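Engineer: The structure follows.
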Amino acid sequence: MFNTIATHVVSVVFLSLIGYLTYGCLGCLYLTLSGLGCFFYIAYLLASYVDNALPRFRVAARNKAVFITGCDKGFGRMLARRLDSMGYKVFAGCLEPDGEEVKKLKDTISSHLEIVPLDVTKTDNVQNALQIVESKLGNCEFWAVVNNAGVIERGELEWTPLEVYRKQFEVNTFGVVSVTQAFLPLLRKFKGRVVTVVSVGGRHTFSGFVPYCMTKHAITSFCDGLRLEMKKFGVQVVTVEPFSYQTDMTEMKTVLKSIEDTWQKCPAKLKSDAYDADYVRAFSDSVRKFNETTALANTDQVIDLLVEAVCAVSPHYSYVPGNMECLLNLWMSRRAPKTVVDYFVRKKVTFDCDLEEYLKEKELRKKNS
């Protein structure tokens, strides 16, 4: 970190020295260019703010159909309810169509919403879902696919078995690819759109659930490429990249079970090395702090932007739901030196520094015993 900061300081001093030495002959030019630069930058910021703040024109919901994956719970279920109430014909893909969670959805929707059995990791399941949608589309335009289904497992890279990596890629990455490929002919026909729930973890990687971030980085790249390729067909591709929110996925009971399941699959050799039960408890405590610090309560922020992505006539390429503090931190992290960002993330976000302190204390106790 010191080297990076020193490099920036030296650069600023060097440029300032050049400006001072050449001010006599180039002073007016410096002032003019600086003034113009400030003017255009402020104008850009104001234009961006207005563009984001003003409501965008929306398409009419009448005779438009939307297919959403992962509607058993969480964002998928909330979005299905919202779009159904707005008049869209909603096809809700559910992993357990007869489960208790789906019954909660059925109790709060209109008769127009269709529950579609769907396991995104199975190709025949996806094709069956496509056939159901095509057979029940009627006079509706097929307007959008919303890729929402996803899973997350916690654990550090060294003690996370490869099967846990594969499981997350099967759902979060290949599941999105499979569903999107299956429904693209319909979307091209009606010039619809693909909306994918990614994550801020698709742009930044956080310790403790790196495999999840890997899957989200992959699908972010997929969506960026798909947007370029589908432009010529009039199909829009939008990503929604939320911060952590308080959903079933971030409930501490679910989180702790995920950590325990991953650790139980860890090779015995590692359990007798650095990653003993005490270490896993310390890791679980750091994840708890992460959840308490980062998980936002207002899930409507996500649903509002998902609705915007589905309904806006001219949506943004991507949306990032979050509060002002999160968005400011994200903006700064994209511009600050990497070593500064890493330190901040380890200290204040993932609390990886706490694990480092635990290991130091453990080593000290070992030497003193």
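How things are named: the first chain in the structure tokens is A, the next is B, and so on; residues count from 1 in each chain; ligands count from 1 in the order shown.
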Show me, as a ChimeraX atom specification, the residues that have an atom within 10 Å of stretch 158-174 of chain A when counting only C-alpha atoms, minus same-chain residues fewer than 5 positions from it.
Structural biologist: /A:119-122,147-153,179-180,197-198,208-220,222,259,261-268,270-271,275
Engineer: Among stretch 242-324 of chain A, which ones does DSSP assign to helix (DSSP H, G or I) (computed from the backbone)? Answer as a tab-separated table (two decimals) with all heavy atoms, in the first residue's frame.
Structural biologist:
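As written to disk, part_7.tsv reads:
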chain	number	residue	atom	x	y	z
A	248	ASP	N	-34.17	-14.41	2.13
A	248	ASP	CA	-33.94	-15.76	2.65
A	248	ASP	C	-32.49	-16.18	2.47
A	248	ASP	O	-31.94	-16.93	3.28
A	248	ASP	CB	-34.85	-16.76	1.91
A	248	ASP	CG	-36.32	-16.42	2.07
A	248	ASP	OD1	-36.90	-16.83	3.08
A	248	ASP	OD2	-36.87	-15.73	1.20
A	249	MET	N	-31.85	-15.69	1.42
A	249	MET	CA	-30.47	-16.06	1.12
A	249	MET	C	-29.48	-15.52	2.15
A	249	MET	O	-28.41	-16.10	2.36
A	249	MET	CB	-30.11	-15.53	-0.28
A	249	MET	CG	-28.82	-16.08	-0.84
A	249	MET	SD	-28.48	-15.49	-2.51
A	249	MET	CE	-29.56	-16.54	-3.47
A	250	THR	N	-29.84	-14.42	2.82
A	250	THR	CA	-28.92	-13.80	3.79
A	250	THR	C	-29.34	-14.01	5.24
A	250	THR	O	-28.75	-13.42	6.14
A	250	THR	CB	-28.79	-12.28	3.51
A	250	THR	OG1	-30.08	-11.68	3.55
A	250	THR	CG2	-28.16	-12.03	2.15
A	252	MET	N	-29.28	-15.51	8.76
A	252	MET	CA	-28.11	-16.09	9.43
A	252	MET	C	-28.21	-17.60	9.58
A	252	MET	O	-27.21	-18.31	9.49
A	252	MET	CB	-27.90	-15.43	10.80
A	252	MET	CG	-27.14	-14.12	10.74
A	252	MET	SD	-25.62	-14.17	9.73
A	252	MET	CE	-24.67	-15.44	10.54
A	253	LYS	N	-29.41	-18.11	9.79
A	253	LYS	CA	-29.58	-19.56	9.91
A	253	LYS	C	-29.13	-20.25	8.61
A	253	LYS	O	-28.42	-21.26	8.63
A	253	LYS	CB	-31.05	-19.89	10.19
A	253	LYS	CG	-31.34	-21.37	10.35
A	253	LYS	CD	-32.82	-21.60	10.64
A	253	LYS	CE	-33.12	-23.09	10.74
A	253	LYS	NZ	-34.57	-23.35	10.98
A	254	THR	N	-29.52	-19.69	7.48
A	254	THR	CA	-29.14	-20.22	6.18
A	254	THR	C	-27.64	-20.06	5.94
A	254	THR	O	-26.97	-20.97	5.44
A	254	THR	CB	-29.91	-19.50	5.06
A	254	THR	OG1	-31.31	-19.59	5.32
A	254	THR	CG2	-29.59	-20.09	3.70
A	255	VAL	N	-27.11	-18.90	6.31
A	255	VAL	CA	-25.69	-18.61	6.11
A	255	VAL	C	-24.82	-19.56	6.91
A	255	VAL	O	-23.86	-20.14	6.37
A	255	VAL	CB	-25.39	-17.15	6.51
A	255	VAL	CG1	-23.88	-16.89	6.52
A	255	VAL	CG2	-26.08	-16.18	5.56
A	256	LEU	N	-25.13	-19.75	8.19
A	256	LEU	CA	-24.32	-20.62	9.05
A	256	LEU	C	-24.39	-22.07	8.59
A	256	LEU	O	-23.39	-22.80	8.66
A	256	LEU	CB	-24.78	-20.49	10.50
A	256	LEU	CG	-24.54	-19.11	11.14
A	256	LEU	CD1	-25.14	-19.06	12.53
A	256	LEU	CD2	-23.04	-18.80	11.19
A	257	LYS	N	-25.56	-22.50	8.13
A	257	LYS	CA	-25.69	-23.86	7.61
A	257	LYS	C	-24.84	-24.04	6.36
A	257	LYS	O	-24.20	-25.09	6.17
A	257	LYS	CB	-27.16	-24.17	7.29
A	257	LYS	CG	-27.40	-25.60	6.83
A	257	LYS	CD	-28.86	-25.87	6.55
A	257	LYS	CE	-29.09	-27.33	6.19
A	257	LYS	NZ	-28.32	-27.78	5.03
A	258	SER	N	-24.80	-23.01	5.53
A	258	SER	CA	-23.98	-23.06	4.31
A	258	SER	C	-22.50	-23.22	4.66
A	258	SER	O	-21.79	-24.04	4.06
A	258	SER	CB	-24.21	-21.78	3.50
A	258	SER	OG	-23.28	-21.69	2.45
A	259	ILE	N	-22.04	-22.46	5.65
A	259	ILE	CA	-20.63	-22.56	6.08
A	259	ILE	C	-20.33	-23.95	6.62
A	259	ILE	O	-19.32	-24.57	6.29
A	259	ILE	CB	-20.32	-21.49	7.14
A	259	ILE	CG1	-20.45	-20.08	6.55
A	259	ILE	CG2	-18.91	-21.69	7.71
A	259	ILE	CD1	-20.40	-18.98	7.58
A	260	GLU	N	-21.23	-24.43	7.48
A	260	GLU	CA	-21.03	-25.75	8.09
A	260	GLU	C	-21.01	-26.85	7.04
A	260	GLU	O	-20.17	-27.76	7.07
A	260	GLU	CB	-22.14	-26.01	9.11
A	260	GLU	CG	-22.05	-27.34	9.84
A	260	GLU	CD	-20.80	-27.46	10.72
A	260	GLU	OE1	-20.25	-26.41	11.12
A	260	GLU	OE2	-20.39	-28.60	11.00
A	261	ASP	N	-21.94	-26.78	6.06
A	261	ASP	CA	-21.98	-27.79	5.00
A	261	ASP	C	-20.70	-27.80	4.17
A	261	ASP	O	-20.18	-28.86	3.83
A	261	ASP	CB	-23.19	-27.53	4.08
A	261	ASP	CG	-24.51	-27.84	4.76
A	261	ASP	OD1	-24.49	-28.48	5.82
A	261	ASP	OD2	-25.56	-27.42	4.22
A	262	THR	N	-20.20	-26.60	3.88
A	262	THR	CA	-18.96	-26.51	3.09
A	262	THR	C	-17.79	-27.07	3.88
A	262	THR	O	-16.96	-27.82	3.35
A	262	THR	CB	-18.68	-25.04	2.70
A	262	THR	OG1	-19.79	-24.52	1.96
A	262	THR	CG2	-17.42	-24.94	1.85
A	263	TRP	N	-17.71	-26.71	5.17
A	263	TRP	CA	-16.59	-27.17	5.99
A	263	TRP	C	-16.63	-28.69	6.19
A	263	TRP	O	-15.59	-29.34	6.23
A	263	TRP	CB	-16.60	-26.45	7.34
A	263	TRP	CG	-15.38	-26.75	8.16
A	263	TRP	CD1	-14.10	-26.36	7.90
A	263	TRP	CD2	-15.32	-27.51	9.37
A	263	TRP	NE1	-13.24	-26.81	8.88
A	263	TRP	CE2	-13.97	-27.53	9.80
A	263	TRP	CE3	-16.28	-28.16	10.15
A	263	TRP	CZ2	-13.57	-28.18	10.95
A	263	TRP	CZ3	-15.87	-28.80	11.30
A	263	TRP	CH2	-14.53	-28.82	11.69
A	264	GLN	N	-17.81	-29.26	6.31
A	264	GLN	CA	-17.93	-30.71	6.48
A	264	GLN	C	-17.40	-31.46	5.27
A	264	GLN	O	-16.93	-32.60	5.38
A	264	GLN	CB	-19.40	-31.10	6.73
A	264	GLN	CG	-19.94	-30.69	8.09
A	264	GLN	CD	-19.20	-31.36	9.24
A	264	GLN	OE1	-18.62	-32.43	9.09
A	264	GLN	NE2	-19.23	-30.72	10.40
A	268	ALA	N	-10.04	-33.90	5.26
A	268	ALA	CA	-9.61	-34.07	6.66
A	268	ALA	C	-8.22	-33.50	6.90
A	268	ALA	O	-7.92	-33.00	8.00
A	268	ALA	CB	-9.65	-35.55	7.02
A	269	LYS	N	-7.37	-33.56	5.88
A	269	LYS	CA	-6.01	-33.05	6.02
A	269	LYS	C	-6.00	-31.56	6.37
A	269	LYS	O	-5.21	-31.10	7.20
A	269	LYS	CB	-5.24	-33.29	4.72
A	269	LYS	CG	-3.79	-32.84	4.77
A	269	LYS	CD	-3.09	-33.10	3.44
A	269	LYS	CE	-1.65	-32.60	3.48
A	269	LYS	NZ	-0.96	-32.83	2.18
A	270	LEU	N	-6.90	-30.79	5.74
A	270	LEU	CA	-6.97	-29.35	6.01
A	270	LEU	C	-7.56	-29.07	7.39
A	270	LEU	O	-7.19	-28.09	8.05
A	270	LEU	CB	-7.80	-28.65	4.93
A	270	LEU	CG	-7.16	-28.54	3.55
A	270	LEU	CD1	-8.13	-27.91	2.56
A	270	LEU	CD2	-5.88	-27.72	3.62
A	271	LYS	N	-8.47	-29.93	7.83
A	271	LYS	CA	-9.10	-29.72	9.14
A	271	LYS	C	-8.10	-29.88	10.28
A	271	LYS	O	-8.29	-29.33	11.35
A	271	LYS	CB	-10.25	-30.72	9.33
A	271	LYS	CG	-11.47	-30.42	8.47
A	271	LYS	CD	-12.59	-31.41	8.75
A	271	LYS	CE	-13.80	-31.14	7.90
A	271	LYS	NZ	-14.90	-32.09	8.15
A	277	ALA	N	-11.91	-26.37	13.84
A	277	ALA	CA	-13.25	-25.91	14.22
A	277	ALA	C	-13.24	-24.48	14.77
A	277	ALA	O	-14.16	-23.70	14.51
A	277	ALA	CB	-13.85	-26.87	15.25
A	278	ASP	N	-12.18	-24.13	15.51
A	278	ASP	CA	-12.08	-22.77	16.05
A	278	ASP	C	-11.96	-21.74	14.93
A	278	ASP	O	-12.54	-20.65	15.00
A	278	ASP	CB	-10.88	-22.66	16.99
A	278	ASP	CG	-11.10	-23.41	18.30
A	278	ASP	OD1	-12.28	-23.59	18.66
A	278	ASP	OD2	-10.11	-23.79	18.93
A	279	TYR	N	-11.20	-22.11	13.89
A	279	TYR	CA	-11.04	-21.18	12.76
A	279	TYR	C	-12.39	-20.97	12.06
A	279	TYR	O	-12.74	-19.84	11.71
A	279	TYR	CB	-10.02	-21.72	11.76
A	279	TYR	CG	-9.84	-20.80	10.57
A	279	TYR	CD1	-8.89	-19.78	10.59
A	279	TYR	CD2	-10.64	-20.93	9.43
A	279	TYR	CE1	-8.74	-18.92	9.52
A	279	TYR	CE2	-10.50	-20.07	8.36
A	279	TYR	CZ	-9.55	-19.06	8.41
A	279	TYR	OH	-9.42	-18.20	7.34
A	280	VAL	N	-13.13	-22.05	11.87
A	280	VAL	CA	-14.42	-21.94	11.19
A	280	VAL	C	-15.39	-21.10	12.00
A	280	VAL	O	-16.19	-20.34	11.45
A	280	VAL	CB	-15.00	-23.35	10.90
A	280	VAL	CG1	-16.41	-23.26	10.34
A	280	VAL	CG2	-14.09	-24.09	9.91
A	281	ARG	N	-15.32	-21.22	13.33
A	281	ARG	CA	-16.16	-20.36	14.18
A	281	ARG	C	-15.78	-18.90	14.01
A	281	ARG	O	-16.65	-18.01	13.94
A	281	ARG	CB	-16.04	-20.79	15.64
A	281	ARG	CG	-16.93	-21.97	16.01
A	281	ARG	CD	-17.01	-22.15	17.52
A	281	ARG	NE	-15.75	-22.66	18.06
A	281	ARG	CZ	-15.48	-23.96	18.17
A	281	ARG	NH1	-16.36	-24.87	17.75
A	281	ARG	NH2	-14.32	-24.35	18.67
A	282	ALA	N	-14.48	-18.63	13.93
A	282	ALA	CA	-14.02	-17.25	13.72
A	282	ALA	C	-14.46	-16.75	12.34
A	282	ALA	O	-14.86	-15.59	12.18
A	282	ALA	CB	-12.50	-17.18	13.85
A	283	PHE	N	-14.39	-17.64	11.34
A	283	PHE	CA	-14.84	-17.27	10.00
A	283	PHE	C	-16.34	-16.98	10.00
A	283	PHE	O	-16.80	-16.00	9.39
A	283	PHE	CB	-14.52	-18.40	9.01
A	283	PHE	CG	-15.11	-18.19	7.64
A	283	PHE	CD1	-14.54	-17.27	6.76
A	283	PHE	CD2	-16.23	-18.90	7.23
A	283	PHE	CE1	-15.09	-17.06	5.50
A	283	PHE	CE2	-16.78	-18.70	5.98
A	283	PHE	CZ	-16.21	-17.79	5.11
A	284	SER	N	-17.12	-17.83	10.68
A	284	SER	CA	-18.57	-17.62	10.77
A	284	SER	C	-18.88	-16.28	11.41
A	284	SER	O	-19.83	-15.58	11.00
A	284	SER	CB	-19.21	-18.75	11.57
A	284	SER	OG	-19.00	-20.01	10.94
A	285	ASP	N	-18.09	-15.90	12.41
A	285	ASP	CA	-18.30	-14.62	13.08
A	285	ASP	C	-18.02	-13.46	12.13
A	285	ASP	O	-18.74	-12.45	12.15
A	285	ASP	CB	-17.40	-14.52	14.31
A	285	ASP	CG	-17.75	-13.32	15.19
A	285	ASP	OD1	-18.94	-13.20	15.56
A	285	ASP	OD2	-16.86	-12.53	15.51
A	286	SER	N	-17.01	-13.61	11.28
A	286	SER	CA	-16.71	-12.54	10.31
A	286	SER	C	-17.83	-12.42	9.28
A	286	SER	O	-18.18	-11.32	8.86
A	286	SER	CB	-15.36	-12.81	9.62
A	286	SER	OG	-15.44	-13.91	8.73
A	287	VAL	N	-18.41	-13.56	8.87
A	287	VAL	CA	-19.53	-13.53	7.93
A	287	VAL	C	-20.76	-12.89	8.58
A	287	VAL	O	-21.50	-12.15	7.94
A	287	VAL	CB	-19.85	-14.95	7.42
A	287	VAL	CG1	-21.10	-14.95	6.55
A	287	VAL	CG2	-18.67	-15.50	6.63
A	288	ARG	N	-20.97	-13.20	9.87
A	288	ARG	CA	-22.08	-12.57	10.59
A	288	ARG	C	-21.93	-11.06	10.59
A	288	ARG	O	-22.90	-10.32	10.33
A	288	ARG	CB	-22.13	-13.10	12.03
A	288	ARG	CG	-23.22	-12.45	12.89
A	288	ARG	CD	-23.11	-12.88	14.34
A	288	ARG	NE	-21.80	-12.55	14.91
A	288	ARG	CZ	-21.46	-11.32	15.31
A	288	ARG	NH1	-22.31	-10.31	15.19
A	288	ARG	NH2	-20.27	-11.11	15.84
A	289	LYS	N	-20.73	-10.58	10.86
A	289	LYS	CA	-20.48	-9.13	10.85
A	289	LYS	C	-20.71	-8.55	9.45
A	289	LYS	O	-21.25	-7.45	9.30
A	289	LYS	CB	-19.04	-8.83	11.30
A	289	LYS	CG	-18.78	-9.11	12.77
A	289	LYS	CD	-17.32	-8.82	13.10
A	289	LYS	CE	-16.98	-9.15	14.54
A	289	LYS	NZ	-15.54	-8.93	14.82
A	290	PHE	N	-20.28	-9.30	8.44
A	290	PHE	CA	-20.50	-8.87	7.05
A	290	PHE	C	-21.99	-8.69	6.78
A	290	PHE	O	-22.41	-7.67	6.22
A	290	PHE	CB	-19.91	-9.90	6.09
A	290	PHE	CG	-20.24	-9.65	4.64
A	290	PHE	CD1	-19.49	-8.79	3.88
A	290	PHE	CD2	-21.32	-10.30	4.04
A	290	PHE	CE1	-19.79	-8.55	2.54
A	290	PHE	CE2	-21.63	-10.08	2.71
A	290	PHE	CZ	-20.87	-9.20	1.95
A	291	ASN	N	-22.79	-9.68	7.20
A	291	ASN	CA	-24.24	-9.60	6.99
A	291	ASN	C	-24.85	-8.42	7.73
A	291	ASN	O	-25.67	-7.68	7.19
A	291	ASN	CB	-24.91	-10.90	7.47
A	291	ASN	CG	-25.24	-11.82	6.31
A	291	ASN	OD1	-24.65	-11.71	5.24
A	291	ASN	ND2	-26.16	-12.73	6.52
A	292	GLU	N	-24.46	-8.26	8.99
A	292	GLU	CA	-25.02	-7.17	9.80
A	292	GLU	C	-24.64	-5.81	9.25
A	292	GLU	O	-25.41	-4.85	9.35
A	292	GLU	CB	-24.54	-7.30	11.25
A	292	GLU	CG	-25.11	-8.51	11.98
A	292	GLU	CD	-24.51	-8.69	13.36
A	292	GLU	OE1	-23.55	-7.95	13.69
A	292	GLU	OE2	-24.98	-9.57	14.11
A	293	THR	N	-23.46	-5.72	8.65
A	293	THR	CA	-22.96	-4.44	8.15
A	293	THR	C	-23.52	-4.10	6.77
A	293	THR	O	-23.82	-2.94	6.48
A	293	THR	CB	-21.42	-4.46	8.07
A	293	THR	OG1	-20.89	-4.80	9.35
A	293	THR	CG2	-20.88	-3.11	7.65
A	294	THR	N	-23.68	-5.11	5.91
A	294	THR	CA	-23.97	-4.83	4.50
A	294	THR	C	-25.40	-5.12	4.06
A	294	THR	O	-25.87	-4.52	3.09
A	294	THR	CB	-23.02	-5.62	3.59
A	294	THR	OG1	-23.24	-7.04	3.81
A	294	THR	CG2	-21.57	-5.29	3.89
A	300	ASP	N	-37.53	-3.24	-1.66
A	300	ASP	CA	-38.27	-2.55	-2.71
A	300	ASP	C	-37.33	-1.81	-3.67
A	300	ASP	O	-37.68	-1.58	-4.83
A	300	ASP	CB	-39.27	-1.55	-2.11
A	300	ASP	CG	-40.53	-2.23	-1.58
A	300	ASP	OD1	-40.78	-3.39	-1.98
A	300	ASP	OD2	-41.24	-1.63	-0.76
A	301	GLN	N	-36.16	-1.42	-3.17
A	301	GLN	CA	-35.18	-0.77	-4.05
A	301	GLN	C	-34.81	-1.67	-5.21
A	301	GLN	O	-34.65	-1.21	-6.35
A	301	GLN	CB	-33.93	-0.39	-3.25
A	301	GLN	CG	-34.13	0.70	-2.22
A	301	GLN	CD	-32.89	0.92	-1.36
A	301	GLN	OE1	-32.06	0.03	-1.18
A	301	GLN	NE2	-32.77	2.12	-0.80
A	302	VAL	N	-34.67	-2.97	-4.93
A	302	VAL	CA	-34.32	-3.93	-5.97
A	302	VAL	C	-35.51	-4.16	-6.90
A	302	VAL	O	-35.37	-4.13	-8.13
A	302	VAL	CB	-33.86	-5.26	-5.36
A	302	VAL	CG1	-33.46	-6.25	-6.46
A	302	VAL	CG2	-32.70	-5.05	-4.41
A	303	ILE	N	-36.68	-4.38	-6.31
A	303	ILE	CA	-37.87	-4.68	-7.12
A	303	ILE	C	-38.23	-3.50	-8.01
A	303	ILE	O	-38.60	-3.67	-9.18
A	303	ILE	CB	-39.05	-5.07	-6.21
A	303	ILE	CG1	-38.67	-6.23	-5.30
A	303	ILE	CG2	-40.27	-5.45	-7.06
A	303	ILE	CD1	-38.09	-7.44	-6.01
A	304	ASP	N	-38.10	-2.28	-7.48
A	304	ASP	CA	-38.40	-1.09	-8.28
A	304	ASP	C	-37.52	-1.02	-9.52
A	304	ASP	O	-37.99	-0.69	-10.62
A	304	ASP	CB	-38.20	0.19	-7.45
A	304	ASP	CG	-39.27	0.37	-6.38
A	304	ASP	OD1	-40.31	-0.30	-6.47
A	304	ASP	OD2	-39.04	1.17	-5.45
A	305	LEU	N	-36.22	-1.34	-9.36
A	305	LEU	CA	-35.32	-1.27	-10.51
A	305	LEU	C	-35.50	-2.47	-11.44
A	305	LEU	O	-35.28	-2.36	-12.65
A	305	LEU	CB	-33.87	-1.17	-10.04
A	305	LEU	CG	-33.51	0.18	-9.40
A	305	LEU	CD1	-32.04	0.23	-9.00
A	305	LEU	CD2	-33.81	1.34	-10.37
A	306	LEU	N	-35.90	-3.62	-10.91
A	306	LEU	CA	-36.23	-4.75	-11.77
A	306	LEU	C	-37.46	-4.42	-12.63
A	306	LEU	O	-37.50	-4.74	-13.83
A	306	LEU	CB	-36.50	-6.00	-10.93
A	306	LEU	CG	-35.27	-6.77	-10.45
A	306	LEU	CD1	-35.64	-7.82	-9.41
A	306	LEU	CD2	-34.55	-7.43	-11.63
A	307	VAL	N	-38.45	-3.78	-12.01
A	307	VAL	CA	-39.63	-3.35	-12.75
A	307	VAL	C	-39.24	-2.34	-13.83
A	307	VAL	O	-39.71	-2.41	-14.97
A	307	VAL	CB	-40.69	-2.74	-11.80
A	307	VAL	CG1	-41.80	-2.06	-12.58
A	307	VAL	CG2	-41.26	-3.82	-10.89
A	308	GLU	N	-38.36	-1.43	-13.48
A	308	GLU	CA	-37.87	-0.44	-14.44
A	308	GLU	C	-37.17	-1.13	-15.61
A	308	GLU	O	-37.36	-0.78	-16.77
A	308	GLU	CB	-36.91	0.52	-13.74
A	308	GLU	CG	-36.34	1.60	-14.62
A	308	GLU	CD	-37.29	2.77	-14.84
A	308	GLU	OE1	-38.42	2.74	-14.30
A	308	GLU	OE2	-36.91	3.69	-15.56
A	309	ALA	N	-36.35	-2.14	-15.30
A	309	ALA	CA	-35.63	-2.86	-16.35
A	309	ALA	C	-36.58	-3.59	-17.29
A	309	ALA	O	-36.34	-3.68	-18.50
A	309	ALA	CB	-34.65	-3.85	-15.71
A	310	VAL	N	-37.67	-4.11	-16.73
A	310	VAL	CA	-38.66	-4.83	-17.54
A	310	VAL	C	-39.56	-3.87	-18.32
A	310	VAL	O	-39.87	-4.11	-19.49
A	310	VAL	CB	-39.52	-5.75	-16.64
A	310	VAL	CG1	-40.69	-6.34	-17.44
A	310	VAL	CG2	-38.68	-6.87	-16.06
A	311	CYS	N	-39.96	-2.78	-17.69
A	311	CYS	CA	-41.04	-1.94	-18.23
A	311	CYS	C	-40.59	-0.71	-19.01
A	311	CYS	O	-41.36	-0.19	-19.83
A	311	CYS	CB	-41.96	-1.49	-17.10
A	311	CYS	SG	-42.65	-2.84	-16.13
A	324	MET	N	-27.33	5.28	-0.47
A	324	MET	CA	-26.35	6.29	-0.88
A	324	MET	C	-24.94	5.92	-0.45
A	324	MET	O	-23.97	6.10	-1.20
A	324	MET	CB	-26.75	7.65	-0.30
A	324	MET	CG	-25.91	8.80	-0.84
A	324	MET	SD	-26.04	9.00	-2.63
A	324	MET	CE	-27.73	9.59	-2.77
Engineer: With DSSP run on the backbone, what are the strand (DSSP E) residues within stretch 142-281 of chain A? I'd like them as a list of chain:residue names.
Structural biologist: A:Phe142, A:Trp143, A:Ala144, A:Val145, A:Val146, A:Asn147, A:Arg193, A:Val194, A:Val195, A:Thr196, A:Val197, A:Gln236, A:Val237, A:Val238, A:Thr239, A:Val240
Engineer: Quick one: residues within 12 Å of A:Tyr88, only C-alpha atoms counted, chain neighbours fewer than 3 positions away excluded, as a PyMOL selection string?
Structural biologist: chain A and resi 59-68+79-85+91-92+109-114+137+140-144+307+310-311
Engineer: Hey, what's within 8 Å of stretch 98-103 of chain A if we count only C-alpha atoms and toss same-chain stuff fewer than 6 positions away? As a ChimeraX atom specification, please?
Structural biologist: /A:71-73
Engineer: Show me, as a list in words, the residues that have an atom within 9 Å of stretch 123-129 of chain A when counting only C-alpha atoms, minus same-chain residues fewer than 2 positions from it.
Structural biologist: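 Within the cut-off, the hits are Gly93, Val116, Pro117, Leu118, Asp119, Val120, Thr121, Gln131, Ile132, Val133, Glu134, Gly175, Ser178, Val179 and Ala182 of chain A.
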Engineer: So which residues touch A:Arg193 within 8 Å, counting only C-alpha atoms, skipping near sequence neighbours fewer than 2 positions away, as a VMD selection string?
Structural biologist: chain A and resid 143 to 145 187 191 195 235 to 238 310
Engineer: Do you have the atom CA of A:Cys353-atom CA of A:Phe206 distance handy?
Structural biologist: 12.9 Å
Engineer: Using only C-alpha atoms, which of A:Val341, A:Ala274, A:Cys94, A:Val240 sits nearest A:Ser318?
Structural biologist: A:Val240
